[in-house]
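Participant: Data: coords-v6.pdb, PDB, C-alpha atoms.
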```
MODEL        1
ATOM      1  CA  MET T 207      25.498 -56.708 -17.571
ATOM      2  CA  GLN T 208      26.422 -58.871 -14.602
ATOM      3  CA  SER T 209      25.813 -62.594 -14.820
ATOM      4  CA  THR T 210      24.231 -64.471 -11.944
ATOM      5  CA  PRO T 211      26.237 -67.345 -10.400
ATOM      6  CA  THR T 212      23.792 -69.920 -11.770
ATOM      7  CA  GLU T 213      23.954 -68.460 -15.236
ATOM      8  CA  ASN T 214      27.715 -68.501 -15.028
ATOM      9  CA  GLU T 215      27.818 -72.121 -13.940
ATOM     10  CA  SER T 216      25.581 -73.143 -16.789
ATOM     11  CA  LEU T 217      27.804 -71.367 -19.319
ATOM     12  CA  ILE T 218      30.890 -73.023 -17.862
ATOM     13  CA  GLY T 219      29.150 -76.383 -17.967
ATOM     14  CA  THR T 220      28.291 -75.906 -21.632
ATOM     15  CA  ALA T 221      31.829 -74.775 -22.387
ATOM     16  CA  ARG T 222      33.251 -77.899 -20.715
ATOM     17  CA  THR T 223      30.969 -80.211 -22.666
ATOM     18  CA  LEU T 224      31.781 -78.478 -25.925
ATOM     19  CA  SER T 225      35.517 -78.562 -25.158
ATOM     20  CA  GLU T 226      35.363 -82.333 -24.949
ATOM     21  CA  ARG T 227      33.312 -82.630 -28.111
ATOM     22  CA  LEU T 228      35.646 -80.308 -29.996
ATOM     23  CA  GLU T 229      38.750 -82.219 -28.952
ATOM     24  CA  LYS T 230      37.188 -85.602 -29.714
ATOM     25  CA  GLY T 231      36.021 -84.374 -33.104
ATOM     26  CA  LEU T 232      39.510 -83.112 -33.904
ATOM     27  CA  ARG T 233      40.922 -86.516 -33.054
ATOM     28  CA  ARG T 234      38.467 -88.263 -35.343
ATOM     29  CA  ILE T 235      39.288 -85.900 -38.193
ATOM     30  CA  GLU T 236      42.987 -86.474 -37.568
ATOM     31  CA  GLN T 237      42.435 -90.236 -37.725
ATOM     32  CA  SER T 238      40.491 -89.984 -41.000
ATOM     33  CA  LYS T 239      43.790 -89.369 -42.846
ATOM     34  CA  PRO T 240      42.630 -85.981 -44.072
ATOM     35  CA  SER T 241      44.377 -83.878 -46.705
ATOM     36  CA  LYS T 242      46.876 -81.410 -45.294
ATOM     37  CA  GLU T 243      44.641 -78.602 -46.472
ATOM     38  CA  LEU T 244      41.658 -79.866 -44.486
ATOM     39  CA  LEU T 245      43.602 -80.640 -41.321
ATOM     40  CA  GLU T 246      45.283 -77.256 -41.454
ATOM     41  CA  GLY T 247      41.927 -75.553 -41.981
ATOM     42  CA  VAL T 248      40.114 -77.437 -39.244
ATOM     43  CA  ASN T 249      42.888 -76.621 -36.794
ATOM     44  CA  LYS T 250      42.758 -72.966 -37.775
ATOM     45  CA  LEU T 251      39.003 -72.860 -37.213
ATOM     46  CA  SER T 252      39.195 -74.817 -33.986
ATOM     47  CA  LEU T 253      41.884 -72.836 -32.193
ATOM     48  CA  PRO T 254      39.703 -69.726 -31.752
ATOM     49  CA  TYR T 255      36.882 -71.960 -30.507
ATOM     50  CA  ALA T 256      39.293 -73.569 -28.058
ATOM     51  CA  ILE T 257      40.554 -70.198 -26.859
ATOM     52  CA  PHE T 258      36.989 -68.994 -26.425
ATOM     53  CA  LEU T 259      35.919 -72.100 -24.473
ATOM     54  CA  THR T 260      39.012 -71.864 -22.295
ATOM     55  CA  GLU T 261      38.310 -68.214 -21.553
ATOM     56  CA  ILE T 262      34.838 -69.147 -20.347
ATOM     57  CA  CYS T 263      36.126 -71.957 -18.129
ATOM     58  CA  GLU T 264      38.834 -69.707 -16.699
ATOM     59  CA  GLY T 265      36.406 -66.885 -16.035
ATOM     60  CA  ALA T 266      38.324 -64.704 -18.484
ATOM     61  CA  CYS T 267      35.553 -64.206 -21.015
ATOM     62  CA  LEU T 268      34.394 -60.612 -21.045
ATOM     63  CA  LEU T 269      31.339 -61.055 -23.243
ATOM     64  CA  THR T 270      27.884 -60.669 -21.726
ATOM     65  CA  PRO T 271      26.115 -63.958 -20.905
ATOM     66  CA  GLU T 272      23.866 -63.345 -23.880
ATOM     67  CA  GLN T 273      26.771 -62.835 -26.272
ATOM     68  CA  THR T 274      28.545 -65.826 -24.763
ATOM     69  CA  ARG T 275      25.527 -68.050 -25.351
ATOM     70  CA  GLU T 276      25.269 -66.803 -28.912
ATOM     71  CA  GLN T 277      28.921 -67.643 -29.599
ATOM     72  CA  LEU T 278      28.577 -71.011 -27.865
ATOM     73  CA  LYS T 279      25.808 -71.859 -30.300
ATOM     74  CA  HIS T 280      28.230 -71.476 -33.191
ATOM     75  CA  VAL T 281      30.732 -73.764 -31.500
ATOM     76  CA  GLU T 282      27.963 -76.302 -30.990
ATOM     77  CA  GLU T 283      26.968 -76.024 -34.660
ATOM     78  CA  HIS T 284      30.578 -76.757 -35.559
ATOM     79  CA  CYS T 285      30.636 -79.832 -33.308
ATOM     80  CA  ASN T 286      27.379 -81.035 -34.873
ATOM     81  CA  LEU T 287      28.879 -80.749 -38.349
ATOM     82  CA  VAL T 288      31.949 -82.705 -37.282
ATOM     83  CA  ASP T 289      29.810 -85.389 -35.610
ATOM     84  CA  THR T 290      27.773 -85.762 -38.799
ATOM     85  CA  ASP T 291      30.633 -85.864 -41.296
ATOM     86  CA  PHE T 292      33.162 -87.621 -39.071
ATOM     87  CA  PRO T 293      30.972 -89.876 -36.917
ATOM     88  CA  ALA T 294      32.374 -91.853 -34.027
ATOM     89  CA  ALA T 295      33.036 -95.454 -35.031
TER
ATOM     90  CA  MET A 135      47.269 -82.096 -50.832
ATOM     91  CA  ALA A 136      44.054 -80.420 -51.908
ATOM     92  CA  MET A 137      40.795 -81.477 -50.339
ATOM     93  CA  ASN A 138      38.631 -84.137 -51.864
ATOM     94  CA  LYS A 139      34.960 -83.463 -52.556
ATOM     95  CA  GLN A 140      33.640 -84.617 -49.186
ATOM     96  CA  GLU A 141      36.289 -82.664 -47.346
ATOM     97  CA  GLN A 142      35.531 -79.568 -49.366
ATOM     98  CA  SER A 143      31.818 -79.876 -48.657
ATOM     99  CA  PHE A 144      32.463 -80.304 -44.933
ATOM    100  CA  PHE A 145      34.928 -77.432 -44.827
ATOM    101  CA  ASP A 146      32.543 -75.097 -46.649
ATOM    102  CA  LYS A 147      29.842 -75.803 -44.089
ATOM    103  CA  ALA A 148      32.241 -75.484 -41.180
ATOM    104  CA  SER A 149      33.570 -72.215 -42.599
ATOM    105  CA  ASP A 150      30.106 -70.708 -42.822
ATOM    106  CA  VAL A 151      29.561 -71.441 -39.138
ATOM    107  CA  PHE A 152      33.016 -70.118 -38.335
ATOM    108  CA  PHE A 153      32.400 -66.834 -40.152
ATOM    109  CA  LYS A 154      29.390 -66.215 -37.936
ATOM    110  CA  PHE A 155      31.532 -66.821 -34.878
ATOM    111  CA  ALA A 156      34.516 -64.864 -36.168
ATOM    112  CA  LYS A 157      32.491 -61.898 -37.287
ATOM    113  CA  ASN A 158      32.023 -60.880 -33.670
ATOM    114  CA  TYR A 159      35.783 -60.494 -33.353
ATOM    115  CA  MET A 160      36.191 -58.508 -36.535
ATOM    116  CA  PRO A 161      36.787 -54.792 -36.289
ATOM    117  CA  SER A 162      33.617 -52.755 -36.103
ATOM    118  CA  ALA A 163      32.226 -50.039 -33.892
ATOM    119  CA  THR A 164      30.424 -52.608 -31.759
ATOM    120  CA  THR A 165      33.091 -55.256 -31.469
ATOM    121  CA  ASN A 166      36.116 -53.140 -30.644
ATOM    122  CA  ALA A 167      35.688 -53.740 -26.932
ATOM    123  CA  GLY A 168      35.624 -57.505 -27.337
ATOM    124  CA  LEU A 169      38.596 -57.258 -29.613
ATOM    125  CA  ALA A 170      40.688 -55.357 -27.115
ATOM    126  CA  ALA A 171      39.600 -57.751 -24.381
ATOM    127  CA  SER A 172      40.778 -60.799 -26.282
ATOM    128  CA  PRO A 173      43.281 -59.900 -28.993
ATOM    129  CA  LEU A 174      44.645 -63.418 -29.062
ATOM    130  CA  LEU A 175      41.248 -64.845 -29.863
ATOM    131  CA  ALA A 176      40.717 -62.078 -32.399
ATOM    132  CA  VAL A 177      43.933 -62.867 -34.239
ATOM    133  CA  GLY A 178      43.105 -66.547 -34.192
ATOM    134  CA  ALA A 179      39.703 -65.742 -35.607
ATOM    135  CA  VAL A 180      41.194 -63.687 -38.397
ATOM    136  CA  ALA A 181      43.742 -66.347 -39.264
ATOM    137  CA  GLY A 182      40.936 -68.883 -39.464
ATOM    138  CA  ALA A 183      38.674 -66.684 -41.535
ATOM    139  CA  MET A 184      41.512 -65.803 -43.874
ATOM    140  CA  TYR A 185      42.398 -69.411 -44.426
ATOM    141  CA  ALA A 186      38.771 -70.412 -44.962
ATOM    142  CA  MET A 187      38.213 -67.621 -47.462
ATOM    143  CA  ALA A 188      41.384 -68.505 -49.282
ATOM    144  CA  VAL A 189      40.377 -72.140 -49.578
ATOM    145  CA  MET A 190      36.849 -71.292 -50.662
ATOM    146  CA  ASN A 191      37.895 -68.776 -53.249
ATOM    147  CA  ARG A 192      40.852 -70.808 -54.480
ATOM    148  CA  VAL A 193      42.944 -67.673 -54.854
ATOM    149  CA  PRO A 194      46.563 -68.799 -55.125
ATOM    150  CA  ASP A 195      47.848 -65.624 -53.490
ATOM    151  CA  ALA A 196      45.410 -65.997 -50.643
ATOM    152  CA  LEU A 197      46.442 -69.574 -50.096
ATOM    153  CA  GLU A 198      50.045 -68.537 -49.999
ATOM    154  CA  SER A 199      49.174 -66.002 -47.327
ATOM    155  CA  ALA A 200      47.321 -68.629 -45.393
ATOM    156  CA  TYR A 201      50.351 -70.902 -45.525
ATOM    157  CA  PHE A 202      52.735 -68.096 -44.687
ATOM    158  CA  MET A 203      53.319 -69.165 -41.115
ATOM    159  CA  ILE A 204      53.998 -72.705 -42.200
ATOM    160  CA  ASN A 205      56.348 -71.783 -45.019
ATOM    161  CA  HIS A 206      58.121 -69.086 -43.020
ATOM    162  CA  PRO A 207      58.287 -70.266 -39.428
ATOM    163  CA  ASP A 208      60.983 -67.711 -38.690
ATOM    164  CA  LYS A 209      58.947 -64.707 -39.752
ATOM    165  CA  SER A 210      56.132 -62.853 -38.105
ATOM    166  CA  MET A 211      53.119 -62.845 -40.385
ATOM    167  CA  VAL A 212      51.762 -59.750 -38.730
ATOM    168  CA  LEU A 213      54.981 -57.855 -39.188
ATOM    169  CA  GLU A 214      55.244 -58.848 -42.837
ATOM    170  CA  ALA A 215      51.654 -57.760 -43.256
ATOM    171  CA  LEU A 216      52.426 -54.425 -41.656
ATOM    172  CA  LYS A 217      55.083 -53.924 -44.275
ATOM    173  CA  GLY A 218      52.594 -54.963 -46.925
ATOM    174  CA  ASN A 219      54.557 -58.069 -47.835
ATOM    175  CA  LEU A 220      51.799 -60.645 -47.830
ATOM    176  CA  PRO A 221      50.640 -61.605 -51.309
ATOM    177  CA  PHE A 222      46.974 -61.247 -50.499
ATOM    178  CA  ASP A 223      45.823 -57.676 -50.002
ATOM    179  CA  VAL A 224      42.994 -58.496 -47.629
ATOM    180  CA  ALA A 225      45.512 -60.357 -45.518
ATOM    181  CA  ASN A 226      47.709 -57.291 -45.329
ATOM    182  CA  LYS A 227      44.879 -54.964 -44.404
ATOM    183  CA  THR A 228      43.426 -57.303 -41.838
ATOM    184  CA  TYR A 229      46.699 -57.876 -40.102
ATOM    185  CA  GLN A 230      47.492 -54.204 -40.139
ATOM    186  CA  TYR A 231      44.369 -53.687 -38.148
ATOM    187  CA  PHE A 232      45.001 -56.461 -35.702
ATOM    188  CA  ALA A 233      48.502 -55.337 -34.983
ATOM    189  CA  GLY A 234      46.785 -52.556 -33.080
ATOM    190  CA  ALA A 235      45.405 -55.071 -30.667
ATOM    191  CA  PHE A 236      48.864 -56.622 -30.327
ATOM    192  CA  GLY A 237      50.212 -53.248 -29.353
ATOM    193  CA  ALA A 238      47.822 -53.222 -26.433
ATOM    194  CA  GLY A 239      49.479 -56.379 -25.135
ATOM    195  CA  LEU A 240      48.587 -59.972 -25.766
ATOM    196  CA  GLY A 241      47.749 -62.551 -23.130
ATOM    197  CA  ALA A 242      49.781 -65.411 -24.547
ATOM    198  CA  ALA A 243      49.943 -67.150 -21.189
ATOM    199  CA  GLY A 244      46.369 -68.237 -21.753
ATOM    200  CA  LEU A 245      47.492 -70.467 -24.598
ATOM    201  CA  THR A 246      49.093 -72.868 -22.136
ATOM    202  CA  LYS A 247      45.668 -73.520 -20.682
ATOM    203  CA  VAL A 248      44.286 -74.113 -24.152
ATOM    204  CA  ILE A 249      46.950 -76.696 -24.963
ATOM    205  CA  GLU A 250      46.326 -78.505 -21.666
ATOM    206  CA  LYS A 251      42.809 -79.184 -22.838
ATOM    207  CA  PHE A 252      43.272 -79.459 -26.572
ATOM    208  CA  SER A 253      46.373 -81.458 -27.281
ATOM    209  CA  THR A 254      45.307 -81.737 -30.925
ATOM    210  CA  LEU A 255      45.787 -77.992 -31.260
ATOM    211  CA  ARG A 256      49.297 -77.830 -29.861
ATOM    212  CA  ASP A 257      50.977 -77.033 -33.194
ATOM    213  CA  GLU A 258      48.388 -74.489 -34.148
ATOM    214  CA  ALA A 259      48.684 -72.777 -30.776
ATOM    215  CA  ASP A 260      52.462 -72.824 -31.133
ATOM    216  CA  HIS A 261      52.163 -70.916 -34.404
ATOM    217  CA  LEU A 262      50.145 -68.276 -32.655
ATOM    218  CA  ARG A 263      52.490 -68.137 -29.701
ATOM    219  CA  ARG A 264      55.555 -67.822 -31.948
ATOM    220  CA  GLU A 265      53.830 -65.140 -33.936
ATOM    221  CA  ASN A 266      53.172 -63.288 -30.732
ATOM    222  CA  GLU A 267      56.742 -63.554 -29.474
ATOM    223  CA  MET A 268      58.276 -62.345 -32.729
ATOM    224  CA  LEU A 269      55.822 -59.557 -32.860
ATOM    225  CA  LYS A 270      56.411 -58.349 -29.344
ATOM    226  CA  ARG A 271      60.128 -58.327 -30.049
ATOM    227  CA  GLU A 272      59.886 -56.468 -33.313
ATOM    228  CA  PHE A 273      56.738 -54.464 -33.064
ATOM    229  CA  ALA A 274      58.168 -51.723 -30.883
ATOM    230  CA  ASN A 275      60.963 -50.976 -33.374
ATOM    231  CA  ASP A 276      58.672 -51.134 -36.323
ATOM    232  CA  ARG A 277      56.204 -48.812 -34.697
ATOM    233  CA  ALA A 278      58.945 -46.357 -33.894
ATOM    234  CA  THR A 279      60.061 -46.392 -37.528
ATOM    235  CA  LEU A 280      56.556 -45.951 -38.798
ATOM    236  CA  SER A 281      55.644 -43.058 -36.558
ATOM    237  CA  ALA A 282      59.007 -41.389 -37.126
ATOM    238  CA  ASP A 283      58.279 -40.594 -40.755
ATOM    239  CA  GLY A 284      55.516 -38.349 -39.594
ATOM    240  CA  SER A 285      52.957 -38.248 -42.361
ATOM    241  CA  PRO A 286      49.572 -38.836 -40.710
ATOM    242  CA  ALA A 287      48.256 -41.153 -43.417
ATOM    243  CA  ASP A 288      51.234 -43.388 -42.942
ATOM    244  CA  THR A 289      51.225 -43.624 -39.179
ATOM    245  CA  LEU A 290      50.426 -47.020 -37.842
ATOM    246  CA  LYS A 291      47.133 -45.767 -36.540
ATOM    247  CA  GLY A 292      46.190 -44.446 -39.969
ATOM    248  CA  ARG A 293      47.128 -47.716 -41.580
ATOM    249  CA  LEU A 294      45.234 -49.695 -39.000
ATOM    250  CA  GLU A 295      42.155 -47.574 -39.450
ATOM    251  CA  SER A 296      42.300 -47.918 -43.211
ATOM    252  CA  GLY A 297      42.130 -51.676 -42.752
ATOM    253  CA  LEU A 298      39.200 -51.424 -40.375
ATOM    254  CA  GLY A 299      36.058 -53.109 -41.547
ATOM    255  CA  ASN A 300      37.716 -54.727 -44.542
ATOM    256  CA  MET A 301      37.354 -58.238 -43.278
ATOM    257  CA  SER A 302      33.943 -57.438 -41.928
ATOM    258  CA  SER A 303      32.714 -56.282 -45.325
ATOM    259  CA  ARG A 304      34.172 -59.352 -46.990
ATOM    260  CA  LEU A 305      32.202 -61.462 -44.544
ATOM    261  CA  ASP A 306      29.056 -59.452 -45.292
ATOM    262  CA  GLN A 307      29.557 -60.142 -48.984
ATOM    263  CA  ARG A 308      29.999 -63.786 -48.276
ATOM    264  CA  GLU A 309      26.933 -63.854 -46.041
ATOM    265  CA  GLN A 310      24.840 -62.292 -48.767
ATOM    266  CA  ALA A 311      26.222 -64.585 -51.416
ATOM    267  CA  THR A 312      25.481 -67.681 -49.368
ATOM    268  CA  ARG A 313      22.010 -66.439 -48.473
ATOM    269  CA  VAL A 314      21.078 -66.202 -52.141
ATOM    270  CA  LYS A 315      22.773 -69.372 -53.222
ATOM    271  CA  PRO A 316      23.676 -71.851 -50.521
ATOM    272  CA  GLY A 317      26.260 -74.367 -51.548
ATOM    273  CA  PRO A 318      29.926 -74.742 -52.191
ATOM    274  CA  GLY A 319      30.730 -71.055 -51.799
ATOM    275  CA  LEU A 320      32.260 -68.296 -53.847
ATOM    276  CA  ARG A 321      34.437 -69.446 -56.647
TER
ENDMDL
END
```
What would you get if you wrote out this structure as structure tokens?

Facilitator:
Amino acid sequence: MQSTPTENESLIGTARTLSERLEKGLRRIEQSKPSKELLEGVNKLSLPYAIFLTEICEGACLLTPEQTREQLKHVEEHCNLVDTDFPAA
Amino acid sequence: MAMNKQEQSFFDKASDVFFKFAKNYMPSATTNAGLAASPLLAVGAVAGAMYAMAVMNRVPDALESAYFMINHPDKSMVLEALKGNLPFDVANKTYQYFAGAFGAGLGAAGLTKVIEKFSTLRDEADHLRRENEMLKREFANDRATLSADGSPADTLKGRLESGLGNMSSRLDQREQATRVKPGPGLR
């Protein structure tokens, strides 16, 4: 399945927004003086998200647009959880 | 260094989301293509899922596996897993599978781009990069040794295939368990 340019741009746009949210969330967690176990875990969960988002932005993601959107939803869910439990001051 | 209650509750929720994401990179008939396309992401996904499961299940062996890279920065986790040296059996089987993707070549250069954007993840990305370098160096020898002893069940391919679906089925179990009883997870 080939993605249209518009579709592609919208996915990249979403990936950029989520990249910023993910990084900001990580910073807030870091600043919350978390246990080593939590920090370690959050980093482990976040790295694959970061790789995935970077692949999209670099045009290196080989998933179909539909699959990409589906995976992006999970990243967004993650960011929502972080925003709720580690809200910006 | 264990998590407090709030942390645990957050991490359980985050892990459930992560499992849904990671599942698409786990070995199965339908995801093999994606796996081969992005082995680095796949390995990252497995490391994350393994850690999350270990924390949720509070299995000491599993936790030790999860901390392996931290406690043994000079060793390749994948290679140790290939030799069956990780304390947690699921960890061994999972890594045995993913070593197959490593064999196909890993795009570690992409990690530089990731670190540019996510400076918080520098250390974590470094773990993955180091893992990859050690593996590339040692994997060829190890593979040669493994295939040299000839018995089909013990070839790398056989071992990889025997690990196939293991993680995936663990995630299915978890999915079912959480569907029935949402909450703090399997204990």

Participant: Find the residues of chain T in contact range of chain A, meaning any atom within 8 Å when counting only C-alpha atoms, and list them as number ranges by chain.

Facilitator: T: 225, 229, 232-233, 240-244, 247-254, 256-258, 260, 268-269, 277, 280-281, 283-284, 287, 291

Participant: Have a look at CA of Glu264 in chain T and CA of Asn214 in chain T and let me know their distance in Å, one decimal.

Facilitator: 11.3 Å

Participant: Go through T:Leu228, T:Glu272, T:Ser238, T:Tyr255 one by one, measure the shortest atom-to-atom distance of each to Asn286 in chain T using all atoms listed in the file, and give the residue with the smallest value.

Facilitator: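 The answer is T:Leu228, which sits nearest to Asn286 in chain T.
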
Participant: How many Å separate CA of Pro293 in chain T from CA of Glu226 in chain T?

Facilitator: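 Spanning CA of Pro293 in chain T to CA of Glu226 in chain T is a straight-line distance of 14.8 Å.
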
Participant: List as a VMD selection string the protein and nucleic acid residues near Gly231 in chain T, meaning an atom at most 9 Å away when all atoms listed in the file are counted, but skip any in the same chain fewer than 4 places from it.

Facilitator: chain T and resid 226 to 227 235 to 236 285 288 to 289 292 to 294
